[in-house]
There are 2 protein chains.
Amino acid sequence: MDVDICGPSIPTILGIASEQVHASSTGWSPIYVQDNFGVMSVGFMLPSSRDAIMWRGPKKNGLISQFLKDVDWGDLDYLLIDTPPGTSDEHLSIVQYLKESGIDGAVVITTPQEVALQDVRREIDFCRKVGIRVLGIVENMSGFVCPNCKNESQIFKPSTGGAKRLAEETGLEFLGAVPLDPRIGKSADFGVSFLDEYPDSPATTAYLDIIDRIKQLVD
Amino acid sequence: MDVDICGPSIPTILGIASEQVHASSTGWSPIYVQDNFGVMSVGFMLPSSRDAIMWRGPKKNGLISQFLKDVDWGDLDYLLIDTPPGTSDEHLSIVQYLKESGIDGAVVITTPQEVALQDVRREIDFCRKVGIRVLGIVENMSGFVCPNCKNESQIFKPSTGGAKRLAEETGLEFLGAVPLDPRIGKSADFGVSFLDEYPDSPATTAYLDIIDRIKQLVD
(Lines give C-alpha, C1' and ligand atoms only; values in the text may rest on other atoms or scores of the structure.)
Protein backbone atom coordinates (compact mmCIF):
# COMPACT_ATOMS: atom_id res chain seq x y z
CA MET A 1 0.00 0.00 0.00
CA ASP A 2 1.60 3.17 -1.30
CA VAL A 3 0.53 6.19 0.75
CA ASP A 4 2.86 8.66 -0.95
CA ILE A 5 -0.17 10.40 -2.40
CA CYS A 6 1.60 13.30 -4.13
CA GLY A 7 4.56 11.23 -5.37
CA PRO A 8 3.42 7.67 -6.08
CA SER A 9 6.54 5.90 -7.42
CA ILE A 10 5.63 2.34 -6.46
CA PRO A 11 3.69 1.56 -9.68
CA THR A 12 6.71 2.49 -11.83
CA ILE A 13 9.21 0.68 -9.59
CA LEU A 14 7.10 -2.49 -9.74
CA GLY A 15 6.52 -2.30 -13.50
CA ILE A 16 2.75 -1.82 -13.25
CA ALA A 17 2.49 1.92 -13.98
CA SER A 18 0.05 1.50 -16.86
CA GLU A 19 -2.50 -0.44 -14.80
CA GLN A 20 -5.84 1.00 -13.71
CA VAL A 21 -7.76 0.07 -10.59
CA HIS A 22 -11.02 -1.81 -11.13
CA ALA A 23 -13.97 -1.71 -8.79
CA SER A 24 -15.99 -4.83 -8.11
CA SER A 25 -18.84 -5.67 -5.75
CA THR A 26 -16.28 -6.49 -3.05
CA GLY A 27 -14.39 -3.21 -3.46
CA TRP A 28 -11.41 -1.92 -5.42
CA SER A 29 -9.12 -4.69 -6.65
CA PRO A 30 -5.42 -4.34 -5.93
CA ILE A 31 -3.09 -4.61 -8.93
CA TYR A 32 -1.24 -7.91 -8.77
CA VAL A 33 2.50 -7.97 -9.56
CA GLN A 34 2.54 -11.67 -8.76
CA ASP A 35 -0.21 -14.02 -7.59
CA ASN A 36 0.73 -13.34 -4.00
CA PHE A 37 1.66 -9.68 -4.25
CA GLY A 38 -1.05 -7.06 -4.65
CA VAL A 39 -0.50 -3.30 -4.70
CA MET A 40 -2.65 -0.22 -4.24
CA SER A 41 -1.49 3.28 -5.11
CA VAL A 42 -3.07 6.56 -6.14
CA GLY A 43 -0.87 6.17 -9.22
CA PHE A 44 -3.41 3.67 -10.59
CA MET A 45 -6.19 6.23 -10.35
CA LEU A 46 -4.78 9.09 -12.37
CA PRO A 47 -5.43 9.75 -16.05
CA SER A 48 -1.72 10.59 -16.53
CA SER A 49 1.42 10.18 -14.45
CA ARG A 50 2.20 13.82 -15.27
CA ASP A 51 -0.81 15.14 -13.36
CA ALA A 52 -0.08 16.84 -10.06
CA ILE A 53 -2.12 15.55 -7.15
CA MET A 54 -2.87 18.88 -5.48
CA TRP A 55 -4.48 17.60 -2.33
CA ARG A 56 -4.29 18.99 1.16
CA GLY A 57 -4.23 16.71 4.21
CA PRO A 58 -7.94 15.88 4.59
CA LYS A 59 -8.25 14.61 1.02
CA LYS A 60 -5.08 12.54 1.39
CA ASN A 61 -6.42 11.11 4.65
CA GLY A 62 -9.71 10.26 2.96
CA LEU A 63 -7.95 8.21 0.30
CA ILE A 64 -5.78 6.42 2.86
CA SER A 65 -8.93 5.50 4.75
CA GLN A 66 -10.46 4.17 1.50
CA PHE A 67 -7.31 2.15 0.78
CA LEU A 68 -7.84 0.41 4.11
CA LYS A 69 -11.63 0.07 4.02
CA ASP A 70 -12.63 -0.17 0.37
CA VAL A 71 -9.85 -2.27 -1.15
CA ASP A 72 -10.54 -5.97 -1.48
CA TRP A 73 -7.16 -7.02 -0.07
CA GLY A 74 -8.22 -10.63 0.41
CA ASP A 75 -6.51 -12.77 3.01
CA LEU A 76 -3.19 -11.04 3.66
CA ASP A 77 -0.07 -12.42 5.32
CA TYR A 78 1.46 -8.97 5.49
CA LEU A 79 0.31 -5.44 4.74
CA LEU A 80 3.35 -3.33 3.93
CA ILE A 81 2.77 0.43 3.91
CA ASP A 82 5.24 2.68 2.13
CA THR A 83 5.02 6.22 3.50
CA PRO A 84 6.57 9.44 2.24
CA PRO A 85 9.14 11.13 4.50
CA GLY A 86 7.76 13.19 7.35
CA THR A 87 5.58 12.93 10.43
CA SER A 88 2.40 14.55 9.20
CA ASP A 89 -1.02 13.65 7.80
CA GLU A 90 -0.17 10.36 6.11
CA HIS A 91 1.68 9.03 9.14
CA LEU A 92 -0.82 10.22 11.73
CA SER A 93 -3.72 8.84 9.69
CA ILE A 94 -2.16 5.40 9.29
CA VAL A 95 -1.61 5.21 13.03
CA GLN A 96 -5.14 6.37 13.75
CA TYR A 97 -6.88 4.09 11.25
CA LEU A 98 -4.89 1.01 12.23
CA LYS A 99 -5.19 1.55 15.96
CA GLU A 100 -7.70 -1.27 16.42
CA SER A 101 -5.94 -3.81 14.24
CA GLY A 102 -2.49 -2.94 15.56
CA ILE A 103 0.74 -2.34 13.70
CA ASP A 104 3.57 -4.88 14.00
CA GLY A 105 6.20 -2.24 13.61
CA ALA A 106 8.03 0.31 11.51
CA VAL A 107 11.13 -0.21 9.42
CA VAL A 108 13.05 3.02 9.29
CA ILE A 109 15.25 3.63 6.25
CA THR A 110 17.96 6.26 5.98
CA THR A 111 21.00 7.24 3.96
CA PRO A 112 24.31 7.54 5.86
CA GLN A 113 24.78 11.29 6.18
CA GLU A 114 23.88 13.30 9.30
CA VAL A 115 21.32 15.51 7.54
CA ALA A 116 19.33 12.35 6.69
CA LEU A 117 19.80 10.82 10.16
CA GLN A 118 18.24 13.93 11.68
CA ASP A 119 15.01 13.31 9.81
CA VAL A 120 15.13 9.69 10.87
CA ARG A 121 15.61 10.61 14.54
CA ARG A 122 12.35 12.53 14.21
CA GLU A 123 10.65 9.49 12.64
CA ILE A 124 11.85 7.36 15.55
CA ASP A 125 10.56 9.95 18.02
CA PHE A 126 7.25 9.90 16.14
CA CYS A 127 7.01 6.11 16.45
CA ARG A 128 7.73 6.23 20.17
CA LYS A 129 5.18 8.97 20.77
CA VAL A 130 2.39 7.12 18.94
CA GLY A 131 3.38 3.72 20.37
CA ILE A 132 4.68 1.98 17.24
CA ARG A 133 7.51 -0.47 17.76
CA VAL A 134 10.53 0.31 15.59
CA LEU A 135 11.68 -3.01 14.15
CA GLY A 136 15.01 -1.54 13.16
CA ILE A 137 16.99 0.77 10.93
CA VAL A 138 18.20 0.10 7.38
CA GLU A 139 21.00 2.08 5.76
CA ASN A 140 20.42 2.68 2.05
CA MET A 141 22.95 4.07 -0.49
CA SER A 142 25.67 2.88 1.79
CA GLY A 143 28.90 2.99 -0.18
CA PHE A 144 29.76 2.74 -3.86
CA VAL A 145 32.24 0.42 -5.49
CA CYS A 146 33.68 1.97 -8.67
CA PRO A 147 32.94 -0.44 -11.53
CA ASN A 148 36.27 0.53 -13.12
CA CYS A 149 38.81 0.25 -10.28
CA LYS A 150 36.79 -1.46 -7.49
CA ASN A 151 37.71 1.34 -5.08
CA GLU A 152 34.90 2.01 -2.58
CA SER A 153 33.67 5.59 -2.08
CA GLN A 154 31.33 6.82 0.63
CA ILE A 155 29.19 9.04 -1.59
CA PHE A 156 26.91 9.99 1.26
CA LYS A 157 29.48 10.12 4.00
CA PRO A 158 28.47 8.78 7.42
CA SER A 159 29.84 11.94 9.08
CA THR A 160 28.39 10.97 12.44
CA GLY A 161 28.61 7.17 12.14
CA GLY A 162 25.67 6.48 9.83
CA ALA A 163 22.71 4.23 10.60
CA LYS A 164 24.77 1.78 12.65
CA ARG A 165 25.74 4.44 15.12
CA LEU A 166 22.18 5.80 15.16
CA ALA A 167 20.94 2.31 16.03
CA GLU A 168 23.36 2.09 18.96
CA GLU A 169 22.46 5.60 20.10
CA THR A 170 18.71 4.84 20.05
CA GLY A 171 18.91 1.25 21.30
CA LEU A 172 17.38 -0.04 18.07
CA GLU A 173 18.44 -2.93 15.86
CA PHE A 174 20.60 -2.20 12.83
CA LEU A 175 18.95 -4.32 10.15
CA GLY A 176 21.64 -3.94 7.49
CA ALA A 177 23.16 -1.72 4.82
CA VAL A 178 22.32 -1.75 1.11
CA PRO A 179 25.22 -0.54 -1.04
CA LEU A 180 24.72 2.12 -3.69
CA ASP A 181 24.43 0.13 -6.90
CA PRO A 182 23.38 2.14 -9.98
CA ARG A 183 21.54 -0.92 -11.24
CA ILE A 184 19.02 -0.58 -8.41
CA GLY A 185 17.83 2.81 -9.67
CA LYS A 186 17.89 1.58 -13.23
CA SER A 187 15.80 -1.48 -12.34
CA ALA A 188 13.32 0.80 -10.58
CA ASP A 189 13.09 3.08 -13.63
CA PHE A 190 12.31 0.13 -15.88
CA GLY A 191 10.08 -1.66 -13.39
CA VAL A 192 12.13 -4.85 -13.29
CA SER A 193 13.08 -6.80 -10.19
CA PHE A 194 16.64 -6.04 -9.15
CA LEU A 195 16.66 -9.22 -7.04
CA ASP A 196 15.78 -11.36 -10.07
CA GLU A 197 18.10 -9.55 -12.47
CA TYR A 198 21.18 -9.44 -10.23
CA PRO A 199 20.83 -12.35 -7.81
CA ASP A 200 24.57 -12.48 -7.09
CA SER A 201 25.08 -8.80 -6.31
CA PRO A 202 26.03 -7.67 -2.79
CA ALA A 203 22.92 -5.48 -2.71
CA THR A 204 20.69 -8.52 -3.33
CA THR A 205 22.35 -10.36 -0.45
CA ALA A 206 21.79 -7.31 1.75
CA TYR A 207 18.12 -7.03 0.73
CA LEU A 208 17.43 -10.72 1.37
CA ASP A 209 19.15 -10.68 4.76
CA ILE A 210 17.16 -7.62 5.79
CA ILE A 211 13.87 -9.17 4.62
CA ASP A 212 14.64 -12.42 6.51
CA ARG A 213 15.36 -10.52 9.68
CA ILE A 214 12.18 -8.43 9.42
CA LYS A 215 10.17 -11.62 8.90
CA GLN A 216 11.74 -13.11 12.05
CA LEU A 217 10.84 -9.99 14.00
CA VAL A 218 7.16 -9.87 13.03
CA ASP A 219 6.26 -13.56 12.65
CA MET B 1 12.56 30.47 4.41
CA ASP B 2 12.47 26.76 5.12
CA VAL B 3 8.94 25.39 4.83
CA ASP B 4 9.90 21.74 5.26
CA ILE B 5 8.07 21.73 8.58
CA CYS B 6 8.50 18.04 9.45
CA GLY B 7 12.09 17.78 8.19
CA PRO B 8 13.87 21.10 8.67
CA SER B 9 17.45 20.49 7.44
CA ILE B 10 18.35 24.07 6.49
CA PRO B 11 19.62 25.08 9.97
CA THR B 12 22.12 22.18 10.00
CA ILE B 13 23.20 22.72 6.40
CA LEU B 14 23.85 26.40 7.09
CA GLY B 15 25.67 25.76 10.38
CA ILE B 16 23.10 27.55 12.56
CA ALA B 17 21.31 24.54 14.08
CA SER B 18 21.89 25.61 17.68
CA GLU B 19 20.29 29.04 17.22
CA GLN B 20 16.92 29.97 18.69
CA VAL B 21 14.47 32.46 17.24
CA HIS B 22 13.98 35.66 19.22
CA ALA B 23 10.84 37.75 19.21
CA SER B 24 11.03 41.53 19.26
CA SER B 25 8.46 44.30 18.96
CA THR B 26 8.75 44.11 15.17
CA GLY B 27 8.25 40.34 15.04
CA TRP B 28 10.39 37.23 15.04
CA SER B 29 13.98 37.89 14.02
CA PRO B 30 15.46 35.69 11.31
CA ILE B 31 18.73 33.96 12.14
CA TYR B 32 21.54 35.61 10.20
CA VAL B 33 24.18 33.39 8.54
CA GLN B 34 25.78 36.50 7.12
CA ASP B 35 24.83 40.19 7.37
CA ASN B 36 22.85 39.90 4.19
CA PHE B 37 21.47 36.38 4.60
CA GLY B 38 18.70 35.70 7.10
CA VAL B 39 16.95 32.38 7.62
CA MET B 40 13.72 31.22 9.21
CA SER B 41 12.94 27.58 9.93
CA VAL B 42 10.81 25.62 12.37
CA GLY B 43 14.15 24.03 13.34
CA PHE B 44 14.93 27.16 15.39
CA MET B 45 11.77 26.72 17.43
CA LEU B 46 12.17 23.20 18.74
CA PRO B 47 13.66 22.23 22.10
CA SER B 48 15.57 19.40 20.42
CA SER B 49 16.35 18.41 16.85
CA ARG B 50 15.24 14.90 17.80
CA ASP B 51 11.64 15.94 18.42
CA ALA B 52 9.11 14.89 15.80
CA ILE B 53 6.93 17.69 14.51
CA MET B 54 3.63 15.80 14.39
CA TRP B 55 1.54 18.39 12.67
CA ARG B 56 -1.23 17.93 10.15
CA GLY B 57 -1.76 20.38 7.29
CA PRO B 58 -3.64 23.20 9.06
CA LYS B 59 -0.96 23.62 11.72
CA LYS B 60 1.79 23.58 9.07
CA ASN B 61 -0.14 26.17 7.06
CA GLY B 62 -0.50 28.33 10.17
CA LEU B 63 3.24 28.41 10.72
CA ILE B 64 3.94 29.19 7.06
CA SER B 65 1.53 32.10 7.30
CA GLN B 66 3.35 33.31 10.43
CA PHE B 67 6.72 33.00 8.67
CA LEU B 68 5.39 35.40 6.05
CA LYS B 69 3.48 37.79 8.32
CA ASP B 70 5.23 37.76 11.69
CA VAL B 71 8.91 37.55 10.75
CA ASP B 72 10.79 40.82 10.61
CA TRP B 73 12.45 40.08 7.28
CA GLY B 74 13.58 43.66 6.76
CA ASP B 75 14.15 44.96 3.26
CA LEU B 76 14.71 41.87 1.14
CA ASP B 77 16.24 41.61 -2.29
CA TYR B 78 15.09 38.00 -2.61
CA LEU B 79 12.92 35.66 -0.60
CA LEU B 80 13.95 32.11 -1.33
CA ILE B 81 11.53 29.41 -0.18
CA ASP B 82 12.77 25.84 0.18
CA THR B 83 9.83 23.44 0.02
CA PRO B 84 9.67 19.72 0.76
CA PRO B 85 8.82 17.44 -2.18
CA GLY B 86 5.17 17.15 -3.09
CA THR B 87 2.22 19.24 -4.20
CA SER B 88 0.25 19.46 -1.00
CA ASP B 89 -0.36 21.78 1.94
CA GLU B 90 2.98 23.59 2.04
CA HIS B 91 2.96 24.27 -1.71
CA LEU B 92 -0.69 25.27 -1.94
CA SER B 93 -0.34 27.58 1.08
CA ILE B 94 2.71 29.36 -0.28
CA VAL B 95 0.89 30.00 -3.54
CA GLN B 96 -2.21 31.20 -1.72
CA TYR B 97 -0.43 33.46 0.77
CA LEU B 98 1.85 35.04 -1.85
CA LYS B 99 -0.87 35.56 -4.43
CA GLU B 100 -1.02 39.33 -3.90
CA SER B 101 2.73 39.91 -3.81
CA GLY B 102 3.42 37.59 -6.71
CA ILE B 103 6.05 34.88 -7.08
CA ASP B 104 8.90 35.38 -9.56
CA GLY B 105 9.16 31.72 -10.27
CA ALA B 106 10.04 28.20 -9.21
CA VAL B 107 13.36 26.43 -9.58
CA VAL B 108 12.71 22.74 -9.96
CA ILE B 109 15.46 20.37 -8.80
CA THR B 110 15.69 16.69 -9.67
CA THR B 111 18.08 13.77 -9.72
CA PRO B 112 18.66 12.10 -13.12
CA GLN B 113 16.62 8.89 -12.83
CA GLU B 114 13.12 8.45 -14.28
CA VAL B 115 11.48 7.75 -10.90
CA ALA B 116 12.64 11.20 -9.73
CA LEU B 117 11.68 12.90 -13.00
CA GLN B 118 8.13 11.62 -12.56
CA ASP B 119 7.75 13.53 -9.31
CA VAL B 120 9.21 16.58 -10.98
CA ARG B 121 6.77 16.37 -13.90
CA ARG B 122 4.02 16.57 -11.28
CA GLU B 123 5.69 19.63 -9.70
CA ILE B 124 5.83 21.29 -13.12
CA ASP B 125 2.15 20.47 -13.69
CA PHE B 126 1.43 21.96 -10.25
CA CYS B 127 3.24 25.20 -11.16
CA ARG B 128 1.34 25.48 -14.44
CA LYS B 129 -2.02 24.85 -12.77
CA VAL B 130 -1.46 27.51 -10.09
CA GLY B 131 0.15 29.98 -12.50
CA ILE B 132 3.74 29.97 -11.25
CA ARG B 133 6.43 30.45 -13.88
CA VAL B 134 9.01 27.68 -13.85
CA LEU B 135 12.39 29.39 -14.15
CA GLY B 136 14.06 26.13 -15.08
CA ILE B 137 15.23 22.70 -14.06
CA VAL B 138 18.44 21.79 -12.20
CA GLU B 139 19.89 18.28 -12.21
CA ASN B 140 21.45 17.33 -8.89
CA MET B 141 23.64 14.27 -8.14
CA SER B 142 24.50 14.19 -11.80
CA GLY B 143 27.46 11.85 -12.19
CA PHE B 144 30.29 10.77 -9.94
CA VAL B 145 34.00 10.89 -10.69
CA CYS B 146 35.85 8.15 -8.79
CA PRO B 147 38.50 9.88 -6.65
CA ASN B 148 40.81 6.90 -7.22
CA CYS B 149 40.70 6.29 -11.00
CA LYS B 150 38.82 9.40 -12.28
CA ASN B 151 36.33 7.17 -14.09
CA GLU B 152 32.86 8.75 -14.19
CA SER B 153 29.86 6.69 -13.05
CA GLN B 154 26.20 7.59 -13.46
CA ILE B 155 25.08 6.55 -10.00
CA PHE B 156 21.52 7.69 -10.60
CA LYS B 157 21.28 6.72 -14.24
CA PRO B 158 19.39 9.11 -16.53
CA SER B 159 17.41 6.16 -17.98
CA THR B 160 15.11 8.49 -19.90
CA GLY B 161 17.54 11.34 -20.62
CA GLY B 162 17.65 13.04 -17.22
CA ALA B 163 16.75 16.65 -16.51
CA LYS B 164 18.07 17.91 -19.85
CA ARG B 165 15.64 15.75 -21.76
CA LEU B 166 12.82 16.67 -19.36
CA ALA B 167 13.55 20.36 -20.04
CA GLU B 168 13.28 19.79 -23.80
CA GLU B 169 10.12 17.75 -23.37
CA THR B 170 8.45 20.43 -21.25
CA GLY B 171 9.81 23.47 -23.10
CA LEU B 172 11.61 24.67 -19.97
CA GLU B 173 15.16 25.89 -19.52
CA PHE B 174 17.83 23.46 -18.33
CA LEU B 175 19.69 25.50 -15.73
CA GLY B 176 22.59 23.11 -15.24
CA ALA B 177 23.82 19.93 -13.61
CA VAL B 178 25.59 19.62 -10.25
CA PRO B 179 27.86 16.56 -10.09
CA LEU B 180 27.68 14.13 -7.18
CA ASP B 181 30.57 15.21 -4.96
CA PRO B 182 30.70 13.53 -1.52
CA ARG B 183 32.13 16.74 -0.10
CA ILE B 184 28.78 18.49 -0.70
CA GLY B 185 26.96 16.17 1.72
CA LYS B 186 29.83 16.35 4.16
CA SER B 187 29.82 20.16 4.07
CA ALA B 188 26.05 20.10 4.69
CA ASP B 189 26.49 17.76 7.68
CA PHE B 190 29.06 20.07 9.24
CA GLY B 191 27.28 23.29 8.27
CA VAL B 192 30.18 24.71 6.30
CA SER B 193 29.95 26.40 2.91
CA PHE B 194 30.93 24.03 0.14
CA LEU B 195 31.44 27.00 -2.18
CA ASP B 196 33.97 28.57 0.21
CA GLU B 197 35.73 25.30 1.06
CA TYR B 198 36.07 23.96 -2.48
CA PRO B 199 36.03 27.02 -4.76
CA ASP B 200 37.80 25.19 -7.59
CA SER B 201 35.56 22.12 -7.72
CA PRO B 202 33.37 21.44 -10.77
CA ALA B 203 30.32 21.45 -8.48
CA THR B 204 31.12 25.00 -7.31
CA THR B 205 31.36 26.17 -10.92
CA ALA B 206 28.01 24.51 -11.62
CA TYR B 207 26.37 26.12 -8.56
CA LEU B 208 27.66 29.59 -9.44
CA ASP B 209 26.58 29.33 -13.07
CA ILE B 210 23.11 28.22 -12.00
CA ILE B 211 22.82 31.04 -9.46
CA ASP B 212 23.93 33.62 -12.05
CA ARG B 213 21.38 32.38 -14.54
CA ILE B 214 18.55 32.42 -11.98
CA LYS B 215 19.50 36.01 -11.06
CA GLN B 216 19.33 36.98 -14.74
CA LEU B 217 15.90 35.41 -15.03
CA VAL B 218 14.33 37.17 -12.03
CA ASP B 219 16.08 40.56 -12.00
# chains A, B, ... in the order shown; residues from 1 in each chain; ligands from 1
>>> residues_around(residues="Gln20 (chain A)", least_positions_apart="6", cutoff="8 Å", atoms="only C-alpha atoms", output="count of residues only")
3
>>> select_by_dssp(residues="chain B", states="helix (DSSP H, G or I)", output="ChimeraX atom specification")
/B:10-13,42-45,57-69,89-97,114-130,162-170,182-190,194-197,202-218
>>> closest_atom_pairs(of="chain B", to="chain A", cutoff="6 Å", atoms="only C-alpha atoms", output="JSON lines")
{"residue": "B:Cys6", "atom": "CA", "partner": "A:Gly86", "partner_atom": "CA", "distance": 5.3}
{"residue": "B:Gly7", "atom": "CA", "partner": "A:Asp119", "partner_atom": "CA", "distance": 5.6}
{"residue": "B:Arg50", "atom": "CA", "partner": "A:Arg122", "partner_atom": "CA", "distance": 5.2}
{"residue": "B:Asp51", "atom": "CA", "partner": "A:Arg122", "partner_atom": "CA", "distance": 5.5}
{"residue": "B:Ala52", "atom": "CA", "partner": "A:Arg122", "partner_atom": "CA", "distance": 4.3}
{"residue": "B:Met54", "atom": "CA", "partner": "A:Thr87", "partner_atom": "CA", "distance": 5.3}
{"residue": "B:Trp55", "atom": "CA", "partner": "A:Ser88", "partner_atom": "CA", "distance": 5.2}
{"residue": "B:Arg56", "atom": "CA", "partner": "A:Asp89", "partner_atom": "CA", "distance": 4.9}
{"residue": "B:Gly57", "atom": "CA", "partner": "A:Gly57", "partner_atom": "CA", "distance": 5.4}
{"residue": "B:Gly86", "atom": "CA", "partner": "A:Cys6", "partner_atom": "CA", "distance": 5.4}
{"residue": "B:Thr87", "atom": "CA", "partner": "A:Met54", "partner_atom": "CA", "distance": 5.3}
{"residue": "B:Ser88", "atom": "CA", "partner": "A:Arg56", "partner_atom": "CA", "distance": 5.0}
{"residue": "B:Asp89", "atom": "CA", "partner": "A:Arg56", "partner_atom": "CA", "distance": 4.9}
{"residue": "B:Glu114", "atom": "CA", "partner": "A:Asp189", "partner_atom": "CA", "distance": 5.4}
{"residue": "B:Val115", "atom": "CA", "partner": "A:Asp189", "partner_atom": "CA", "distance": 5.6}
{"residue": "B:Asp119", "atom": "CA", "partner": "A:Gly7", "partner_atom": "CA", "distance": 5.6}
{"residue": "B:Arg121", "atom": "CA", "partner": "A:Arg50", "partner_atom": "CA", "distance": 5.4}
{"residue": "B:Arg122", "atom": "CA", "partner": "A:Ala52", "partner_atom": "CA", "distance": 4.3}
{"residue": "B:Asp125", "atom": "CA", "partner": "A:Ala52", "partner_atom": "CA", "distance": 5.6}
{"residue": "B:Phe126", "atom": "CA", "partner": "A:Ala52", "partner_atom": "CA", "distance": 5.3}
{"residue": "B:Ile155", "atom": "CA", "partner": "A:Pro182", "partner_atom": "CA", "distance": 4.7}
{"residue": "B:Phe156", "atom": "CA", "partner": "A:Pro182", "partner_atom": "CA", "distance": 5.9}
{"residue": "B:Pro182", "atom": "CA", "partner": "A:Ile155", "partner_atom": "CA", "distance": 4.7}
{"residue": "B:Asp189", "atom": "CA", "partner": "A:Glu114", "partner_atom": "CA", "distance": 5.4}
>>> write_last_selection(atoms="N, CA and C atoms", output="mmCIF file, in the first residue's frame")
data_model
loop_
_atom_site.group_PDB
_atom_site.id
_atom_site.type_symbol
_atom_site.label_atom_id
_atom_site.label_comp_id
_atom_site.auth_asym_id
_atom_site.auth_seq_id
_atom_site.Cartn_x
_atom_site.Cartn_y
_atom_site.Cartn_z
ATOM 1 N N CYS B 6 8.222 19.297 8.728
ATOM 2 C CA CYS B 6 8.499 18.044 9.452
ATOM 3 C C CYS B 6 9.948 17.583 9.304
ATOM 4 N N GLY B 7 10.701 18.180 8.388
ATOM 5 C CA GLY B 7 12.088 17.775 8.193
ATOM 6 C C GLY B 7 12.987 18.964 7.921
ATOM 7 N N ARG B 50 15.749 16.271 17.844
ATOM 8 C CA ARG B 50 15.236 14.904 17.796
ATOM 9 C C ARG B 50 13.724 14.829 17.871
ATOM 10 N N ASP B 51 13.091 15.958 18.222
ATOM 11 C CA ASP B 51 11.642 15.940 18.416
ATOM 12 C C ASP B 51 10.902 15.885 17.082
ATOM 13 N N ALA B 52 9.972 14.939 16.980
ATOM 14 C CA ALA B 52 9.115 14.890 15.797
ATOM 15 C C ALA B 52 8.154 16.066 15.812
ATOM 16 N N MET B 54 4.779 16.600 14.806
ATOM 17 C CA MET B 54 3.632 15.797 14.394
ATOM 18 C C MET B 54 2.453 16.698 14.103
ATOM 19 N N TRP B 55 2.559 17.409 13.015
ATOM 20 C CA TRP B 55 1.539 18.388 12.672
ATOM 21 C C TRP B 55 0.846 17.973 11.383
ATOM 22 N N ARG B 56 -0.474 18.082 11.389
ATOM 23 C CA ARG B 56 -1.227 17.927 10.146
ATOM 24 C C ARG B 56 -1.209 19.253 9.381
ATOM 25 N N GLY B 57 -1.798 19.222 8.186
ATOM 26 C CA GLY B 57 -1.759 20.377 7.286
ATOM 27 C C GLY B 57 -2.089 21.723 7.916
ATOM 28 N N GLY B 86 6.621 17.304 -3.146
ATOM 29 C CA GLY B 86 5.169 17.146 -3.094
ATOM 30 C C GLY B 86 4.424 18.322 -3.680
ATOM 31 N N THR B 87 3.112 18.217 -3.641
ATOM 32 C CA THR B 87 2.220 19.239 -4.205
ATOM 33 C C THR B 87 1.023 19.332 -3.278
ATOM 34 N N SER B 88 1.315 19.547 -1.999
ATOM 35 C CA SER B 88 0.249 19.465 -1.003
ATOM 36 C C SER B 88 0.176 20.738 -0.176
ATOM 37 N N ASP B 89 -0.089 20.610 1.113
ATOM 38 C CA ASP B 89 -0.365 21.781 1.943
ATOM 39 C C ASP B 89 0.671 22.895 1.827
ATOM 40 N N GLU B 114 14.514 8.278 -13.855
ATOM 41 C CA GLU B 114 13.123 8.450 -14.277
ATOM 42 C C GLU B 114 12.165 8.534 -13.088
ATOM 43 N N VAL B 115 12.387 7.731 -12.058
ATOM 44 C CA VAL B 115 11.483 7.746 -10.902
ATOM 45 C C VAL B 115 11.456 9.147 -10.260
ATOM 46 N N ASP B 119 8.213 12.594 -10.349
ATOM 47 C CA ASP B 119 7.753 13.526 -9.310
ATOM 48 C C ASP B 119 7.877 14.965 -9.793
ATOM 49 N N ARG B 121 7.821 16.056 -12.916
ATOM 50 C CA ARG B 121 6.773 16.365 -13.900
ATOM 51 C C ARG B 121 5.507 16.823 -13.189
ATOM 52 N N ARG B 122 5.218 16.174 -12.050
ATOM 53 C CA ARG B 122 4.024 16.572 -11.285
ATOM 54 C C ARG B 122 4.215 17.967 -10.677
ATOM 55 N N ASP B 125 3.597 20.388 -13.445
ATOM 56 C CA ASP B 125 2.152 20.467 -13.691
ATOM 57 C C ASP B 125 1.491 21.326 -12.609
ATOM 58 N N PHE B 126 1.931 21.146 -11.368
ATOM 59 C CA PHE B 126 1.431 21.963 -10.254
ATOM 60 C C PHE B 126 1.663 23.449 -10.546
ATOM 61 N N ILE B 155 25.619 7.298 -11.133
ATOM 62 C CA ILE B 155 25.079 6.552 -9.997
ATOM 63 C C ILE B 155 23.557 6.493 -10.080
ATOM 64 N N PHE B 156 22.966 7.660 -10.348
ATOM 65 C CA PHE B 156 21.524 7.695 -10.597
ATOM 66 C C PHE B 156 21.355 7.846 -12.103
ATOM 67 N N PRO B 182 30.943 13.880 -2.927
ATOM 68 C CA PRO B 182 30.697 13.528 -1.521
ATOM 69 C C PRO B 182 30.978 14.681 -0.553
ATOM 70 N N ASP B 189 26.524 18.367 6.339
ATOM 71 C CA ASP B 189 26.490 17.758 7.680
ATOM 72 C C ASP B 189 27.194 18.620 8.712
#
>>> select_by_dssp(residues="region 22-183 of chain A", states="strand (DSSP E)", output="MDAnalysis selection string")
chainID A and resid 22:24 27:29 31:34 37:39 106:110 134:139 144:145 152:153 174:177
>>> atom_distance(atom1="CA of Gln34 (chain B)", atom2="CA of Met1 (chain B)")
14.8 Å
